[in-house]
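Pasted below: start-v1.pdb, PDB, C-alpha atoms, pLDDT in the B column.
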MODEL        1
ATOM      1  CA  MET M   1      94.175  87.884 113.334  1.00 59.00           C
ATOM      2  CA  SER M   2      96.984  90.086 112.061  1.00 74.00           C
ATOM      3  CA  GLU M   3     100.645  90.777 112.653  1.00 81.00           C
ATOM      4  CA  THR M   4      99.653  93.202 115.389  1.00 86.00           C
ATOM      5  CA  ASN M   5      97.162  90.777 116.958  1.00 88.00           C
ATOM      6  CA  PRO M   6      98.508  87.212 116.529  1.00 93.00           C
ATOM      7  CA  ILE M   7      96.735  84.149 117.915  1.00 93.00           C
ATOM      8  CA  ARG M   8      98.425  82.992 121.128  1.00 95.00           C
ATOM      9  CA  VAL M   9      99.255  79.272 120.916  1.00 96.00           C
ATOM     10  CA  PHE M  10     100.406  76.858 123.622  1.00 97.00           C
ATOM     11  CA  VAL M  11     101.881  73.516 122.526  1.00 96.00           C
ATOM     12  CA  THR M  12     102.212  70.758 125.121  1.00 95.00           C
ATOM     13  CA  HIS M  13     105.745  70.134 126.306  1.00 94.00           C
ATOM     14  CA  ALA M  14     107.528  68.397 129.159  1.00 92.00           C
ATOM     15  CA  PHE M  15     109.943  71.319 129.578  1.00 93.00           C
ATOM     16  CA  ALA M  16     111.843  70.121 126.513  1.00 91.00           C
ATOM     17  CA  GLU M  17     111.359  70.644 122.778  1.00 91.00           C
ATOM     18  CA  SER M  18     110.196  67.268 121.445  1.00 89.00           C
ATOM     19  CA  ASP M  19     110.180  66.414 117.733  1.00 89.00           C
ATOM     20  CA  ASP M  20     106.423  66.987 117.451  1.00 90.00           C
ATOM     21  CA  TYR M  21     106.667  70.251 119.412  1.00 92.00           C
ATOM     22  CA  LEU M  22     109.169  71.615 116.881  1.00 93.00           C
ATOM     23  CA  ARG M  23     107.234  70.140 113.946  1.00 93.00           C
ATOM     24  CA  ILE M  24     104.099  72.117 114.922  1.00 93.00           C
ATOM     25  CA  PHE M  25     105.985  75.367 114.434  1.00 94.00           C
ATOM     26  CA  GLU M  26     107.512  74.190 111.159  1.00 93.00           C
ATOM     27  CA  PHE M  27     103.989  73.552 109.890  1.00 92.00           C
ATOM     28  CA  LEU M  28     102.667  76.909 111.158  1.00 93.00           C
ATOM     29  CA  GLU M  29     105.564  78.803 109.587  1.00 92.00           C
ATOM     30  CA  SER M  30     104.645  77.378 106.175  1.00 91.00           C
ATOM     31  CA  VAL M  31     101.136  78.932 106.233  1.00 90.00           C
ATOM     32  CA  ASP M  32     100.878  82.275 104.413  1.00 88.00           C
ATOM     33  CA  ARG M  33      99.452  85.196 106.391  1.00 87.00           C
ATOM     34  CA  PHE M  34      99.013  83.146 109.554  1.00 89.00           C
ATOM     35  CA  TYR M  35     100.216  85.092 112.572  1.00 92.00           C
ATOM     36  CA  TYR M  36     100.702  83.404 115.912  1.00 94.00           C
ATOM     37  CA  LEU M  37     102.613  83.910 119.129  1.00 95.00           C
ATOM     38  CA  ASN M  38     104.120  80.884 120.860  1.00 96.00           C
ATOM     39  CA  VAL M  39     103.359  81.251 124.577  1.00 96.00           C
ATOM     40  CA  SER M  40     104.680  77.795 125.493  1.00 95.00           C
ATOM     41  CA  LYS M  41     108.105  78.123 127.087  1.00 95.00           C
ATOM     42  CA  PRO M  42     109.764  74.725 127.589  1.00 93.00           C
ATOM     43  CA  GLU M  43     112.951  76.482 128.655  1.00 94.00           C
ATOM     44  CA  ASN M  44     111.186  78.001 131.711  1.00 93.00           C
ATOM     45  CA  ILE M  45     111.524  74.955 133.958  1.00 90.00           C
ATOM     46  CA  PRO M  46     111.412  76.000 137.616  1.00 90.00           C
ATOM     47  CA  THR M  47     114.590  75.157 139.520  1.00 89.00           C
ATOM     48  CA  GLU M  48     112.955  75.374 142.938  1.00 91.00           C
ATOM     49  CA  GLY M  49     109.542  74.587 144.358  1.00 88.00           C
ATOM     50  CA  GLY M  50     109.062  71.084 142.964  1.00 89.00           C
ATOM     51  CA  LEU M  51     105.807  69.966 141.387  1.00 90.00           C
ATOM     52  CA  GLU M  52     103.830  73.005 142.599  1.00 94.00           C
ATOM     53  CA  ALA M  53     106.251  75.379 140.874  1.00 94.00           C
ATOM     54  CA  ILE M  54     105.983  73.341 137.675  1.00 94.00           C
ATOM     55  CA  LYS M  55     102.186  73.487 137.843  1.00 94.00           C
ATOM     56  CA  ASP M  56     102.242  77.253 138.479  1.00 95.00           C
ATOM     57  CA  GLU M  57     104.525  77.799 135.476  1.00 95.00           C
ATOM     58  CA  LEU M  58     102.235  75.714 133.255  1.00 95.00           C
ATOM     59  CA  ILE M  59      99.174  77.623 134.455  1.00 96.00           C
ATOM     60  CA  GLN M  60     100.837  80.919 133.490  1.00 96.00           C
ATOM     61  CA  GLN M  61     101.760  79.633 130.036  1.00 96.00           C
ATOM     62  CA  ILE M  62      98.402  78.008 129.292  1.00 96.00           C
ATOM     63  CA  THR M  63      96.226  80.882 130.532  1.00 96.00           C
ATOM     64  CA  ALA M  64      98.183  83.234 128.261  1.00 96.00           C
ATOM     65  CA  SER M  65      97.011  81.184 125.251  1.00 96.00           C
ATOM     66  CA  GLU M  66      93.904  81.144 123.094  1.00 95.00           C
ATOM     67  CA  VAL M  67      94.437  77.567 121.873  1.00 96.00           C
ATOM     68  CA  VAL M  68      96.212  74.529 123.314  1.00 96.00           C
ATOM     69  CA  ILE M  69      97.721  72.005 120.907  1.00 96.00           C
ATOM     70  CA  ILE M  70      98.207  68.476 122.229  1.00 94.00           C
ATOM     71  CA  VAL M  71     101.044  66.549 120.600  1.00 92.00           C
ATOM     72  CA  SER M  72     101.084  62.795 121.018  1.00 86.00           C
ATOM     73  CA  ASP M  73     104.772  62.282 121.672  1.00 84.00           C
ATOM     74  CA  VAL M  74     104.602  64.372 124.850  1.00 86.00           C
ATOM     75  CA  TYR M  75     101.421  62.595 125.975  1.00 86.00           C
ATOM     76  CA  GLY M  76     103.187  59.254 125.583  1.00 83.00           C
ATOM     77  CA  GLN M  77     106.126  60.405 127.701  1.00 86.00           C
ATOM     78  CA  LYS M  78     104.355  62.450 130.393  1.00 89.00           C
ATOM     79  CA  THR M  79     100.709  61.399 130.498  1.00 90.00           C
ATOM     80  CA  ASP M  80      99.977  62.920 133.915  1.00 92.00           C
ATOM     81  CA  LEU M  81     101.574  66.234 132.986  1.00 93.00           C
ATOM     82  CA  VAL M  82      99.618  66.516 129.715  1.00 93.00           C
ATOM     83  CA  ASN M  83      96.392  65.567 131.520  1.00 95.00           C
ATOM     84  CA  TYR M  84      97.114  68.431 133.931  1.00 96.00           C
ATOM     85  CA  MET M  85      97.656  70.792 130.983  1.00 95.00           C
ATOM     86  CA  MET M  86      94.314  69.713 129.525  1.00 95.00           C
ATOM     87  CA  ASP M  87      92.677  70.244 132.942  1.00 96.00           C
ATOM     88  CA  VAL M  88      94.029  73.807 133.046  1.00 96.00           C
ATOM     89  CA  ALA M  89      92.850  74.519 129.488  1.00 96.00           C
ATOM     90  CA  GLN M  90      89.417  73.081 130.229  1.00 96.00           C
ATOM     91  CA  ALA M  91      89.087  75.027 133.493  1.00 96.00           C
ATOM     92  CA  ASN M  92      89.927  78.249 131.645  1.00 96.00           C
ATOM     93  CA  ASP M  93      87.671  77.493 128.666  1.00 95.00           C
ATOM     94  CA  ILE M  94      90.567  77.373 126.194  1.00 95.00           C
ATOM     95  CA  GLY M  95      90.026  75.365 123.017  1.00 94.00           C
ATOM     96  CA  MET M  96      92.134  72.244 122.511  1.00 96.00           C
ATOM     97  CA  VAL M  97      93.218  70.529 119.320  1.00 96.00           C
ATOM     98  CA  ALA M  98      95.012  67.181 119.232  1.00 93.00           C
ATOM     99  CA  VAL M  99      97.323  66.324 116.367  1.00 92.00           C
ATOM    100  CA  LYS M 100      97.491  62.658 115.415  1.00 88.00           C
ATOM    101  CA  PRO M 101     100.841  60.902 115.933  1.00 83.00           C
ATOM    102  CA  PHE M 102     103.258  61.798 113.153  1.00 80.00           C
ATOM    103  CA  GLY M 103     103.754  59.060 110.585  1.00 73.00           C
ATOM    104  CA  GLY M 104     100.418  57.358 111.281  1.00 67.00           C
ATOM    105  CA  LEU M 105     101.939  54.275 112.904  1.00 67.00           C
ATOM    106  CA  THR M 106      99.977  54.706 116.133  1.00 76.00           C
ATOM    107  CA  GLU M 107      96.703  56.287 117.154  1.00 84.00           C
ATOM    108  CA  THR M 108      96.008  59.195 119.486  1.00 84.00           C
ATOM    109  CA  ALA M 109      95.116  58.030 122.996  1.00 84.00           C
ATOM    110  CA  GLU M 110      91.338  57.703 123.421  1.00 89.00           C
ATOM    111  CA  GLU M 111      91.514  59.795 126.614  1.00 91.00           C
ATOM    112  CA  VAL M 112      92.910  62.705 124.600  1.00 90.00           C
ATOM    113  CA  VAL M 113      90.430  62.392 121.726  1.00 91.00           C
ATOM    114  CA  ALA M 114      87.534  62.393 124.208  1.00 93.00           C
ATOM    115  CA  ARG M 115      88.666  65.690 125.770  1.00 93.00           C
ATOM    116  CA  VAL M 116      89.724  67.841 122.822  1.00 94.00           C
ATOM    117  CA  ASP M 117      87.577  70.045 120.613  1.00 94.00           C
ATOM    118  CA  GLU M 118      89.245  68.902 117.384  1.00 93.00           C
ATOM    119  CA  HIS M 119      91.403  65.934 116.370  1.00 93.00           C
ATOM    120  CA  ILE M 120      93.378  66.540 113.171  1.00 91.00           C
ATOM    121  CA  GLU M 121      96.000  65.094 110.828  1.00 90.00           C
ATOM    122  CA  TRP M 122      99.449  66.580 110.274  1.00 88.00           C
ATOM    123  CA  ASN M 123      98.487  69.164 107.684  1.00 87.00           C
ATOM    124  CA  ASP M 124      99.546  72.817 107.830  1.00 89.00           C
ATOM    125  CA  ARG M 125      96.251  74.136 106.505  1.00 90.00           C
ATOM    126  CA  GLU M 126      94.145  71.929 108.772  1.00 90.00           C
ATOM    127  CA  LEU M 127      96.237  72.974 111.776  1.00 92.00           C
ATOM    128  CA  ALA M 128      95.953  76.701 111.005  1.00 93.00           C
ATOM    129  CA  ASP M 129      92.199  76.388 110.387  1.00 92.00           C
ATOM    130  CA  ALA M 130      91.644  74.546 113.691  1.00 93.00           C
ATOM    131  CA  ILE M 131      93.615  77.224 115.543  1.00 93.00           C
ATOM    132  CA  ARG M 132      91.573  79.989 113.890  1.00 92.00           C
ATOM    133  CA  ARG M 133      88.269  78.273 114.724  1.00 91.00           C
ATOM    134  CA  LEU M 134      89.117  77.504 118.337  1.00 91.00           C
ATOM    135  CA  GLY M 135      91.139  80.609 119.124  1.00 87.00           C
ATOM    136  CA  ARG M 136      89.090  83.298 117.443  1.00 83.00           C
ATOM    137  CA  GLY M 137      85.903  81.605 116.277  1.00 80.00           C
ATOM    138  CA  GLU M 138      86.788  82.440 112.667  1.00 79.00           C
ATOM    139  CA  ASP M 139      84.924  80.589 109.950  1.00 74.00           C
ATOM    140  CA  THR M 140      87.523  78.877 107.814  1.00 65.00           C
ATOM    141  CA  ALA M 141      85.312  77.091 105.328  1.00 61.00           C
ATOM    142  CA  ARG M 142      87.421  76.684 102.227  1.00 59.00           C
ATOM    143  CA  TRP M 143      86.992  74.615  99.128  1.00 56.00           C
ATOM    144  CA  GLU M 144      89.698  72.464  97.690  1.00 56.00           C
ATOM    145  CA  VAL M 145      90.221  72.913  93.971  1.00 59.00           C
ATOM    146  CA  VAL M 146      91.014  69.678  92.218  1.00 63.00           C
ATOM    147  CA  ASP M 147      92.519  69.944  88.769  1.00 66.00           C
ATOM    148  CA  PHE M 148      91.878  67.024  86.430  1.00 67.00           C
ATOM    149  CA  PRO M 149      94.248  66.901  83.433  1.00 76.00           C
ATOM    150  CA  GLY M 150      92.360  66.924  80.129  1.00 77.00           C
ATOM    151  CA  PHE M 151      89.301  68.710  81.559  1.00 74.00           C
ATOM    152  CA  ASP M 152      88.332  72.324  82.167  1.00 74.00           C
ATOM    153  CA  ALA M 153      85.197  74.064  83.441  1.00 72.00           C
ATOM    154  CA  ASP M 154      83.375  73.262  80.189  1.00 78.00           C
ATOM    155  CA  GLY M 155      84.231  69.571  80.058  1.00 77.00           C
ATOM    156  CA  GLU M 156      86.782  67.452  78.244  1.00 81.00           C
ATOM    157  CA  THR M 157      89.544  69.224  76.337  1.00 80.00           C
ATOM    158  CA  ASN M 158      91.073  67.201  73.528  1.00 68.00           C
TER     159      ASN M 158
ENDMDL
END
Please, can you express the file's structure as structure tokens?
Amino acid sequence: MSETNPIRVFVTHAFAESDDYLRIFEFLESVDRFYYLNVSKPENIPTEGGLEAIKDELIQQITASEVVIIVSDVYGQKTDLVNYMMDVAQANDIGMVAVKPFGGLTETAEEVVARVDEHIEWNDRELADAIRRLGRGEDTARWEVVDFPGFDADGETN
């Protein structure tokens, strides 16, 4: 992954930018040296053709992606539409990651958790790592460094 070869990301939408949809990109923008291309286009709602045109537009957007991110607020509003998006991703062997509902007041629907490859918290690093793993198969094993005041690598410092 580089600036010249960004990971293509599709975030579920109901042809509108929900709070969680926008929040995903805020989180991704805060990750250093993480390059992605948003292929989800909520503004591209078909004006003619009804449900079939909507499905065709979603197929184009999803098949252009390497990873599909499921956000809970859209699933709660348009369950059938998000299930269709997951069907398209699954049929095209595109990895899916679900992000838990923001704020932790509710849980992700069991139907979503059962279908996705990863189910994560709202955390910029966790989100970027899941996208790297599912989109490019990159190993993202990192260690957290915890700093304890009053201690260093040799023990207690008084």
*Starting from the point (98.7, 62.7, 129.6), work out which residues of protein, DNA or RNA have an atom no more than 12 Å away when counting only C-alpha atoms; state them as a count of residues only.*
29
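Distance-wise, CA of Phe15 (chain M) and CA of Val67 (chain M) end up 18.4 Å apart.
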Produce a table with one row for each residue of region 96-129 of chain M that has an atom at most 12 Å from any atom of region 28-39 of chain M, each row naming the nearest atom pair and its distance in Å at one decimal; use all atoms listed in the file; arrange rows by chain and rising residue number; format as CSV.
residue,atom,partner,partner_atom,distance
M:Trp122,CA,M:Leu28,CA,10.9
M:Asn123,CA,M:Leu28,CA,9.5
M:Asp124,CA,M:Leu28,CA,6.1
M:Arg125,CA,M:Val31,CA,6.9
M:Glu126,CA,M:Leu28,CA,10.2
M:Leu127,CA,M:Leu28,CA,7.6
M:Ala128,CA,M:Leu28,CA,6.7
M:Asp129,CA,M:Phe34,CA,9.6
*asked:* When you look at Arg136 (chain M) with a cut-off of 12 Å (counting only C-alpha atoms), what residues show up, excluding the ones that are within fewer than 5 positions of it in the same chain? I need them as an NGL selection string.
replied: :M and (1-2 or 5-9 or 36 or 65-67 or 94-95 or 128-131)
*Would you kindly return, as a list in words, each protein, DNA or RNA residue with an atom no farther than 9 Å from any atom of Leu58 (chain M), considering only C-alpha atoms and excluding same-chain residues fewer than 4 positions away?*
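Once the adjacent positions are removed, what remains is Ser40, Lys41, Ala53, Ile54, Ile62, Thr63, Tyr84, Met85 and Val88 of chain M.
Considering the residues M:Val68, M:Met96, M:Val11, M:Val116 and counting all atoms listed in the file, Ile24 (chain M) has its shortest atom-to-atom contact with M:Val11.
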Work out where the centre of an axis-aligned box around every listed atom of region 61-73 of chain M lies and how long its edges are once 3 Å is added on each side; give both in Å to one decimal as AutoDock Vina command-line options.
--center_x 99.3 --center_y 72.8 --center_z 125.6 --size_x 16.9 --size_y 27.0 --size_z 15.9
